Amino acid sequence: VRPMVNSLVFLYWALFNNFGLSIITFTTVIRIAMIPLTIKQSRQMKAMSAIQPKMAEVDAKYSNDKARASQEKLRLFKEQGVNPLGCLGPMILQMPIFFGLFFALRRTLPSTPENLSELSGLLYTWLPQVDEAVPLNSTFLWMDLAKFSSDNPAPFLLPILVGGSMWVMQKMTTMPSATQQQASTNRMMLWMMPLMFGYFTLYFESGLALYWIMSNVLGIVVQGFVAGWGPLA
């Protein structure tokens, strides 16, 4: 949390005291750093797609022996150099960043004098200009980034953008389905997760919603250039 707080405050100072631009730049840096992981994820997804026919054969051959089917699939993964968890890399990595930023935003945009004093204690003394930047102005476009999305004008706009961008992102990164049951689960998750996060956005700080939207949009662009836009079709 502390490195995030200092990064946000420094970017705020460097970007003309605009906290919205600070979050957007912070998100862009994070996404650029994750490009190697995104490339690895795309390769794993292509490899998973290539072995789907063989996995279907395993399911058919050992339909009455689930344990043997699992063993054969693990052997198939090992032979083909496929790691199913590799397809989840960017999402797994984003979750601690998301929760870290959740607490960092609340400390960077304090609502009481006591919290402002706590923020001063979190700032690195060697980082130039950070003390001069405090307190930060949380206004960006029509929003107050320190307020919940539900408390800003157009309260449903950010939840819709979060849910919509997350749906597209999931559509592009969902692993191929080996069975009808898995396909059904993927379809359910494709709709459930965006709807759930869209609802939660109403009760998150708008700054956190801005991060999530930008992260999804940048992720979609990177994924499209790395792996193609085929999944959206």
# chains A, B, ... in the order shown; residues from 1 in each chain; ligands from 1
call {"tool": "residues_around", "arguments": {"residues": "Leu232 of chain A", "least_positions_apart": "3", "cutoff": "8 Å", "atoms": "only C-alpha atoms", "output": "ChimeraX atom specification"}}
result
/A:168,171-172,229
call {"tool": "write_last_selection", "arguments": {"atoms": "N, CA, C and O atoms", "output": "mmCIF file, in the first residue's frame"}}
result
data_model
loop_
_atom_site.group_PDB
_atom_site.id
_atom_site.type_symbol
_atom_site.label_atom_id
_atom_site.label_comp_id
_atom_site.auth_asym_id
_atom_site.auth_seq_id
_atom_site.Cartn_x
_atom_site.Cartn_y
_atom_site.Cartn_z
ATOM 1 N N VAL A 168 -15.996 -7.834 -21.767
ATOM 2 C CA VAL A 168 -15.176 -7.962 -22.975
ATOM 3 C C VAL A 168 -13.838 -8.610 -22.640
ATOM 4 O O VAL A 168 -13.354 -9.497 -23.363
ATOM 5 N N LYS A 171 -14.325 -12.250 -22.061
ATOM 6 C CA LYS A 171 -14.636 -12.912 -23.326
ATOM 7 C C LYS A 171 -13.360 -13.232 -24.095
ATOM 8 O O LYS A 171 -13.249 -14.276 -24.743
ATOM 9 N N MET A 172 -12.379 -12.341 -24.003
ATOM 10 C CA MET A 172 -11.138 -12.511 -24.753
ATOM 11 C C MET A 172 -10.153 -13.451 -24.062
ATOM 12 O O MET A 172 -9.217 -13.940 -24.702
ATOM 13 N N TRP A 229 -8.264 -10.731 -32.212
ATOM 14 C CA TRP A 229 -9.587 -10.332 -31.758
ATOM 15 C C TRP A 229 -10.618 -11.418 -32.000
ATOM 16 O O TRP A 229 -11.829 -11.200 -31.841
#
call {"tool": "residues_around", "arguments": {"residues": "Tyr203 of chain A", "least_positions_apart": "3", "cutoff": "9 Å", "atoms": "only C-alpha atoms", "output": "list of chain:residue names"}}
result
A:Lys147, A:Phe148, A:Ser149, A:Ser150, A:Asp151, A:Tyr199, A:Phe200, A:Ser206
call {"tool": "write_last_selection", "arguments": {"atoms": "N, CA, C and O atoms", "output": "PDB file, in the first residue's frame"}}
result
ATOM      1  N   LYS A 147     -15.309   9.863  -3.549  1.00  0.00           N
ATOM      2  CA  LYS A 147     -16.675   9.460  -3.214  1.00  0.00           C
ATOM      3  C   LYS A 147     -17.037   8.138  -3.876  1.00  0.00           C
ATOM      4  O   LYS A 147     -16.456   7.758  -4.889  1.00  0.00           O
ATOM      5  N   PHE A 148     -18.019   7.467  -3.303  1.00  0.00           N
ATOM      6  CA  PHE A 148     -18.556   6.269  -3.941  1.00  0.00           C
ATOM      7  C   PHE A 148     -19.186   6.646  -5.271  1.00  0.00           C
ATOM      8  O   PHE A 148     -19.687   7.766  -5.444  1.00  0.00           O
ATOM      9  N   SER A 149     -19.187   5.699  -6.213  1.00  0.00           N
ATOM     10  CA  SER A 149     -19.792   5.959  -7.519  1.00  0.00           C
ATOM     11  C   SER A 149     -21.257   6.332  -7.387  1.00  0.00           C
ATOM     12  O   SER A 149     -21.770   7.158  -8.147  1.00  0.00           O
ATOM     13  N   SER A 150     -21.939   5.747  -6.405  1.00  0.00           N
ATOM     14  CA  SER A 150     -23.367   6.029  -6.216  1.00  0.00           C
ATOM     15  C   SER A 150     -23.619   7.450  -5.732  1.00  0.00           C
ATOM     16  O   SER A 150     -24.738   7.953  -5.832  1.00  0.00           O
ATOM     17  N   ASP A 151     -22.588   8.124  -5.207  1.00  0.00           N
ATOM     18  CA  ASP A 151     -22.744   9.486  -4.689  1.00  0.00           C
ATOM     19  C   ASP A 151     -22.363  10.553  -5.706  1.00  0.00           C
ATOM     20  O   ASP A 151     -22.480  11.745  -5.425  1.00  0.00           O
ATOM     21  N   TYR A 199     -22.060  -4.109  -9.754  1.00  0.00           N
ATOM     22  CA  TYR A 199     -22.843  -3.761  -8.565  1.00  0.00           C
ATOM     23  C   TYR A 199     -21.944  -3.251  -7.445  1.00  0.00           C
ATOM     24  O   TYR A 199     -22.237  -2.241  -6.803  1.00  0.00           O
ATOM     25  N   PHE A 200     -20.825  -3.945  -7.215  1.00  0.00           N
ATOM     26  CA  PHE A 200     -19.898  -3.520  -6.161  1.00  0.00           C
ATOM     27  C   PHE A 200     -19.360  -2.111  -6.425  1.00  0.00           C
ATOM     28  O   PHE A 200     -19.060  -1.376  -5.479  1.00  0.00           O
ATOM     29  N   SER A 206     -14.878   6.146  -6.563  1.00  0.00           N
ATOM     30  CA  SER A 206     -14.860   6.323  -8.019  1.00  0.00           C
ATOM     31  C   SER A 206     -13.444   6.178  -8.571  1.00  0.00           C
ATOM     32  O   SER A 206     -13.264   5.759  -9.718  1.00  0.00           O
TER      33      SER A 206
END
call {"tool": "residues_around", "arguments": {"residues": "Phe197 of chain A", "least_positions_apart": "5", "cutoff": "10 Å", "atoms": "only C-alpha atoms", "output": "VMD selection string"}}
result
chain A and resid 159 to 160 162 to 163 166 192 202 204 209 212
call {"tool": "write_last_selection", "arguments": {"atoms": "all heavy atoms", "output": "mmCIF file, in the first residue's frame"}}
result
data_model
loop_
_atom_site.group_PDB
_atom_site.id
_atom_site.type_symbol
_atom_site.label_atom_id
_atom_site.label_comp_id
_atom_site.auth_asym_id
_atom_site.auth_seq_id
_atom_site.Cartn_x
_atom_site.Cartn_y
_atom_site.Cartn_z
ATOM 1 N N PRO A 159 -20.430 1.944 -12.929
ATOM 2 C CA PRO A 159 -20.710 0.502 -12.832
ATOM 3 C C PRO A 159 -20.941 -0.156 -14.187
ATOM 4 O O PRO A 159 -20.485 -1.280 -14.421
ATOM 5 C CB PRO A 159 -21.978 0.450 -11.968
ATOM 6 C CG PRO A 159 -21.908 1.671 -11.128
ATOM 7 C CD PRO A 159 -21.291 2.714 -12.010
ATOM 8 N N ILE A 160 -21.625 0.537 -15.096
ATOM 9 C CA ILE A 160 -21.862 -0.025 -16.435
ATOM 10 C C ILE A 160 -20.547 -0.166 -17.189
ATOM 11 O O ILE A 160 -20.291 -1.186 -17.850
ATOM 12 C CB ILE A 160 -22.854 0.852 -17.215
ATOM 13 C CG1 ILE A 160 -24.254 0.723 -16.611
ATOM 14 C CG2 ILE A 160 -22.881 0.466 -18.695
ATOM 15 C CD1 ILE A 160 -25.267 1.692 -17.194
ATOM 16 N N VAL A 162 -17.515 -0.451 -15.863
ATOM 17 C CA VAL A 162 -16.732 -1.523 -15.229
ATOM 18 C C VAL A 162 -17.243 -2.886 -15.680
ATOM 19 O O VAL A 162 -16.466 -3.745 -16.116
ATOM 20 C CB VAL A 162 -16.807 -1.411 -13.687
ATOM 21 C CG1 VAL A 162 -16.261 -2.689 -13.034
ATOM 22 C CG2 VAL A 162 -16.011 -0.217 -13.194
ATOM 23 N N GLY A 163 -18.558 -3.091 -15.591
ATOM 24 C CA GLY A 163 -19.124 -4.382 -15.978
ATOM 25 C C GLY A 163 -18.932 -4.687 -17.456
ATOM 26 O O GLY A 163 -18.562 -5.805 -17.830
ATOM 27 N N MET A 166 -15.255 -5.388 -18.265
ATOM 28 C CA MET A 166 -14.858 -6.666 -17.684
ATOM 29 C C MET A 166 -15.428 -7.822 -18.503
ATOM 30 O O MET A 166 -14.764 -8.854 -18.674
ATOM 31 C CB MET A 166 -15.337 -6.750 -16.234
ATOM 32 C CG MET A 166 -14.784 -7.931 -15.482
ATOM 33 S SD MET A 166 -15.222 -7.854 -13.726
ATOM 34 C CE MET A 166 -14.280 -9.260 -13.122
ATOM 35 N N MET A 192 -21.795 -13.471 -14.702
ATOM 36 C CA MET A 192 -21.916 -13.255 -13.262
ATOM 37 C C MET A 192 -20.852 -12.290 -12.744
ATOM 38 O O MET A 192 -21.167 -11.371 -11.972
ATOM 39 C CB MET A 192 -21.818 -14.588 -12.521
ATOM 40 C CG MET A 192 -22.059 -14.448 -11.015
ATOM 41 S SD MET A 192 -21.986 -16.031 -10.156
ATOM 42 C CE MET A 192 -20.207 -16.336 -10.198
ATOM 43 N N LEU A 202 -20.793 0.473 -7.296
ATOM 44 C CA LEU A 202 -21.646 1.506 -6.696
ATOM 45 C C LEU A 202 -21.153 1.909 -5.319
ATOM 46 O O LEU A 202 -21.346 3.048 -4.881
ATOM 47 C CB LEU A 202 -23.094 1.011 -6.597
ATOM 48 C CG LEU A 202 -23.899 0.956 -7.898
ATOM 49 C CD1 LEU A 202 -25.198 0.194 -7.670
ATOM 50 C CD2 LEU A 202 -24.183 2.357 -8.426
ATOM 51 N N PHE A 204 -17.854 1.403 -4.227
ATOM 52 C CA PHE A 204 -16.414 1.638 -4.234
ATOM 53 C C PHE A 204 -16.158 3.103 -4.525
ATOM 54 O O PHE A 204 -16.979 3.785 -5.141
ATOM 55 C CB PHE A 204 -15.717 0.807 -5.317
ATOM 56 C CG PHE A 204 -15.541 -0.648 -4.983
ATOM 57 C CD1 PHE A 204 -15.362 -1.580 -5.986
ATOM 58 C CD2 PHE A 204 -15.550 -1.086 -3.670
ATOM 59 C CE1 PHE A 204 -15.195 -2.928 -5.697
ATOM 60 C CE2 PHE A 204 -15.393 -2.429 -3.362
ATOM 61 C CZ PHE A 204 -15.209 -3.344 -4.377
ATOM 62 N N ALA A 209 -12.955 2.621 -9.366
ATOM 63 C CA ALA A 209 -13.675 2.270 -10.594
ATOM 64 C C ALA A 209 -12.900 2.752 -11.820
ATOM 65 O O ALA A 209 -12.825 2.053 -12.830
ATOM 66 C CB ALA A 209 -15.064 2.893 -10.573
ATOM 67 N N TRP A 212 -10.132 0.324 -12.514
ATOM 68 C CA TRP A 212 -10.595 -0.950 -13.058
ATOM 69 C C TRP A 212 -10.992 -0.818 -14.523
ATOM 70 O O TRP A 212 -10.712 -1.701 -15.328
ATOM 71 C CB TRP A 212 -11.760 -1.455 -12.216
ATOM 72 C CG TRP A 212 -11.996 -2.936 -12.321
ATOM 73 C CD1 TRP A 212 -13.085 -3.553 -12.844
ATOM 74 C CD2 TRP A 212 -11.120 -3.977 -11.908
ATOM 75 N NE1 TRP A 212 -12.950 -4.920 -12.769
ATOM 76 C CE2 TRP A 212 -11.751 -5.207 -12.199
ATOM 77 C CE3 TRP A 212 -9.863 -3.997 -11.307
ATOM 78 C CZ2 TRP A 212 -11.157 -6.438 -11.929
ATOM 79 C CZ3 TRP A 212 -9.286 -5.225 -11.036
ATOM 80 C CH2 TRP A 212 -9.924 -6.422 -11.343
#
call {"tool": "closest_residue", "arguments": {"among": "A:Val9, A:Gln52, A:Pro231, A:Arg106", "to": "Thr173 of chain A", "atoms": "only C-alpha atoms"}}
result
A:Pro231
call {"tool": "closest_residue", "arguments": {"among": "A:Val1, A:Leu8, A:Met55, A:Leu190", "to": "Phe103 of chain A", "atoms": "only C-alpha atoms"}}
result
A:Val1
call {"tool": "select_by_dssp", "arguments": {"residues": "chain A", "states": "strand (DSSP E)", "output": "list in words"}}
result
Thr139, Phe140, Met143 and Asp144 of chain A
call {"tool": "write_last_selection", "arguments": {"atoms": "N, CA and C atoms", "output": "compact mmCIF listing (two decimals), in the first residue's frame"}}
result
# COMPACT_ATOMS: atom_id res chain seq x y z
N THR A 139 -11.04 15.93 -7.46
CA THR A 139 -11.99 16.17 -8.54
C THR A 139 -11.37 15.77 -9.89
N PHE A 140 -12.17 15.04 -10.70
CA PHE A 140 -11.74 14.65 -12.05
C PHE A 140 -12.98 14.57 -12.93
N MET A 143 -16.55 13.94 -11.61
CA MET A 143 -16.55 13.06 -10.44
C MET A 143 -15.68 13.59 -9.32
N ASP A 144 -16.03 13.16 -8.11
CA ASP A 144 -15.13 13.25 -6.97
C ASP A 144 -14.61 11.84 -6.75
call {"tool": "select_by_dssp", "arguments": {"residues": "segment 29-225 of chain A", "states": "helix (DSSP H, G or I)", "output": "PyMOL selection string"}}
result
chain A and resi 29-33+35-50+52-61+66-80+84-108+113-122+130-133+149-151+157-173+180-201+206-225
call {"tool": "closest_residue", "arguments": {"among": "A:Arg2, A:Arg187, A:Lys46, A:Arg107", "to": "Val226 of chain A", "atoms": "only C-alpha atoms"}}
result
A:Lys46
call {"tool": "closest_residue", "arguments": {"among": "A:Ser138, A:Ser70, A:Thr185, A:Gln223", "to": "Asn17 of chain A", "atoms": "only C-alpha atoms"}}
result
A:Ser138
call {"tool": "residues_around", "arguments": {"residues": "Ile35 of chain A", "least_positions_apart": "6", "cutoff": "12 Å", "atoms": "only C-alpha atoms", "output": "list in words"}}
result
Thr28, Val29, Gln41, Ser42, Gly89, Pro90, Leu218, Gly219, Ile220, Val221, Val222, Gln223, Gly224, Phe225, Val226 and Ala227 of chain A
call {"tool": "write_last_selection", "arguments": {"atoms": "N, CA and C atoms", "output": "PDB file, in the first residue's frame"}}
result
ATOM      1  N   THR A  28      -1.609   2.454 -16.428  1.00  0.00           N
ATOM      2  CA  THR A  28      -0.882   2.186 -17.669  1.00  0.00           C
ATOM      3  C   THR A  28       0.465   1.540 -17.386  1.00  0.00           C
ATOM      4  N   VAL A  29       1.173   2.049 -16.382  1.00  0.00           N
ATOM      5  CA  VAL A  29       2.476   1.482 -16.012  1.00  0.00           C
ATOM      6  C   VAL A  29       2.312   0.027 -15.565  1.00  0.00           C
ATOM      7  N   GLN A  41       0.260 -15.841 -21.126  1.00  0.00           N
ATOM      8  CA  GLN A  41      -1.117 -16.308 -20.993  1.00  0.00           C
ATOM      9  C   GLN A  41      -1.710 -16.658 -22.354  1.00  0.00           C
ATOM     10  N   SER A  42      -1.470 -15.805 -23.352  1.00  0.00           N
ATOM     11  CA  SER A  42      -2.018 -16.043 -24.688  1.00  0.00           C
ATOM     12  C   SER A  42      -1.460 -17.320 -25.298  1.00  0.00           C
ATOM     13  N   GLY A  89      -2.881 -16.027 -15.082  1.00  0.00           N
ATOM     14  CA  GLY A  89      -1.842 -15.165 -14.517  1.00  0.00           C
ATOM     15  C   GLY A  89      -2.238 -13.716 -14.306  1.00  0.00           C
ATOM     16  N   PRO A  90      -2.609 -12.980 -15.369  1.00  0.00           N
ATOM     17  CA  PRO A  90      -2.923 -11.557 -15.194  1.00  0.00           C
ATOM     18  C   PRO A  90      -4.048 -11.296 -14.202  1.00  0.00           C
ATOM     19  N   LEU A 218      -7.102  -1.223 -21.305  1.00  0.00           N
ATOM     20  CA  LEU A 218      -5.713  -1.476 -21.730  1.00  0.00           C
ATOM     21  C   LEU A 218      -5.461  -2.968 -21.912  1.00  0.00           C
ATOM     22  N   GLY A 219      -6.029  -3.783 -21.025  1.00  0.00           N
ATOM     23  CA  GLY A 219      -5.879  -5.223 -21.155  1.00  0.00           C
ATOM     24  C   GLY A 219      -6.503  -5.755 -22.428  1.00  0.00           C
ATOM     25  N   ILE A 220      -7.656  -5.202 -22.808  1.00  0.00           N
ATOM     26  CA  ILE A 220      -8.333  -5.607 -24.046  1.00  0.00           C
ATOM     27  C   ILE A 220      -7.462  -5.273 -25.252  1.00  0.00           C
ATOM     28  N   VAL A 221      -6.893  -4.066 -25.255  1.00  0.00           N
ATOM     29  CA  VAL A 221      -6.045  -3.641 -26.377  1.00  0.00           C
ATOM     30  C   VAL A 221      -4.817  -4.541 -26.493  1.00  0.00           C
ATOM     31  N   VAL A 222      -4.133  -4.772 -25.350  1.00  0.00           N
ATOM     32  CA  VAL A 222      -2.938  -5.615 -25.365  1.00  0.00           C
ATOM     33  C   VAL A 222      -3.292  -7.034 -25.805  1.00  0.00           C
ATOM     34  N   GLN A 223      -4.369  -7.590 -25.254  1.00  0.00           N
ATOM     35  CA  GLN A 223      -4.786  -8.939 -25.596  1.00  0.00           C
ATOM     36  C   GLN A 223      -5.137  -9.048 -27.078  1.00  0.00           C
ATOM     37  N   GLY A 224      -5.777  -8.017 -27.611  1.00  0.00           N
ATOM     38  CA  GLY A 224      -6.145  -8.029 -29.021  1.00  0.00           C
ATOM     39  C   GLY A 224      -4.934  -8.056 -29.935  1.00  0.00           C
ATOM     40  N   PHE A 225      -3.919  -7.267 -29.601  1.00  0.00           N
ATOM     41  CA  PHE A 225      -2.713  -7.233 -30.438  1.00  0.00           C
ATOM     42  C   PHE A 225      -1.855  -8.480 -30.261  1.00  0.00           C
ATOM     43  N   VAL A 226      -1.870  -9.051 -29.061  1.00  0.00           N
ATOM     44  CA  VAL A 226      -1.040 -10.227 -28.795  1.00  0.00           C
ATOM     45  C   VAL A 226      -1.683 -11.497 -29.347  1.00  0.00           C
ATOM     46  N   ALA A 227      -2.979 -11.686 -29.070  1.00  0.00           N
ATOM     47  CA  ALA A 227      -3.638 -12.954 -29.395  1.00  0.00           C
ATOM     48  C   ALA A 227      -4.684 -12.831 -30.490  1.00  0.00           C
TER      49      ALA A 227
END
call {"tool": "atom_distance", "arguments": {"atom1": "atom CA of Leu145 of chain A", "atom2": "atom CA of Asn6 of chain A"}}
result
17.2 Å
call {"tool": "closest_residue", "arguments": {"among": "A:Ala233, A:Met188, A:Leu109, A:Leu76", "to": "Glu205 of chain A", "atoms": "only C-alpha atoms"}}
result
A:Leu109
call {"tool": "atom_distance", "arguments": {"atom1": "atom CA of Ala67 of chain A", "atom2": "atom CA of Met48 of chain A"}}
result
20.4 Å
call {"tool": "residues_around", "arguments": {"residues": "Gln80 of chain A", "least_positions_apart": "5", "cutoff": "10 Å", "atoms": "only C-alpha atoms", "output": "PyMOL selection string"}}
result
chain A and resi 47-48+50-51+74-75
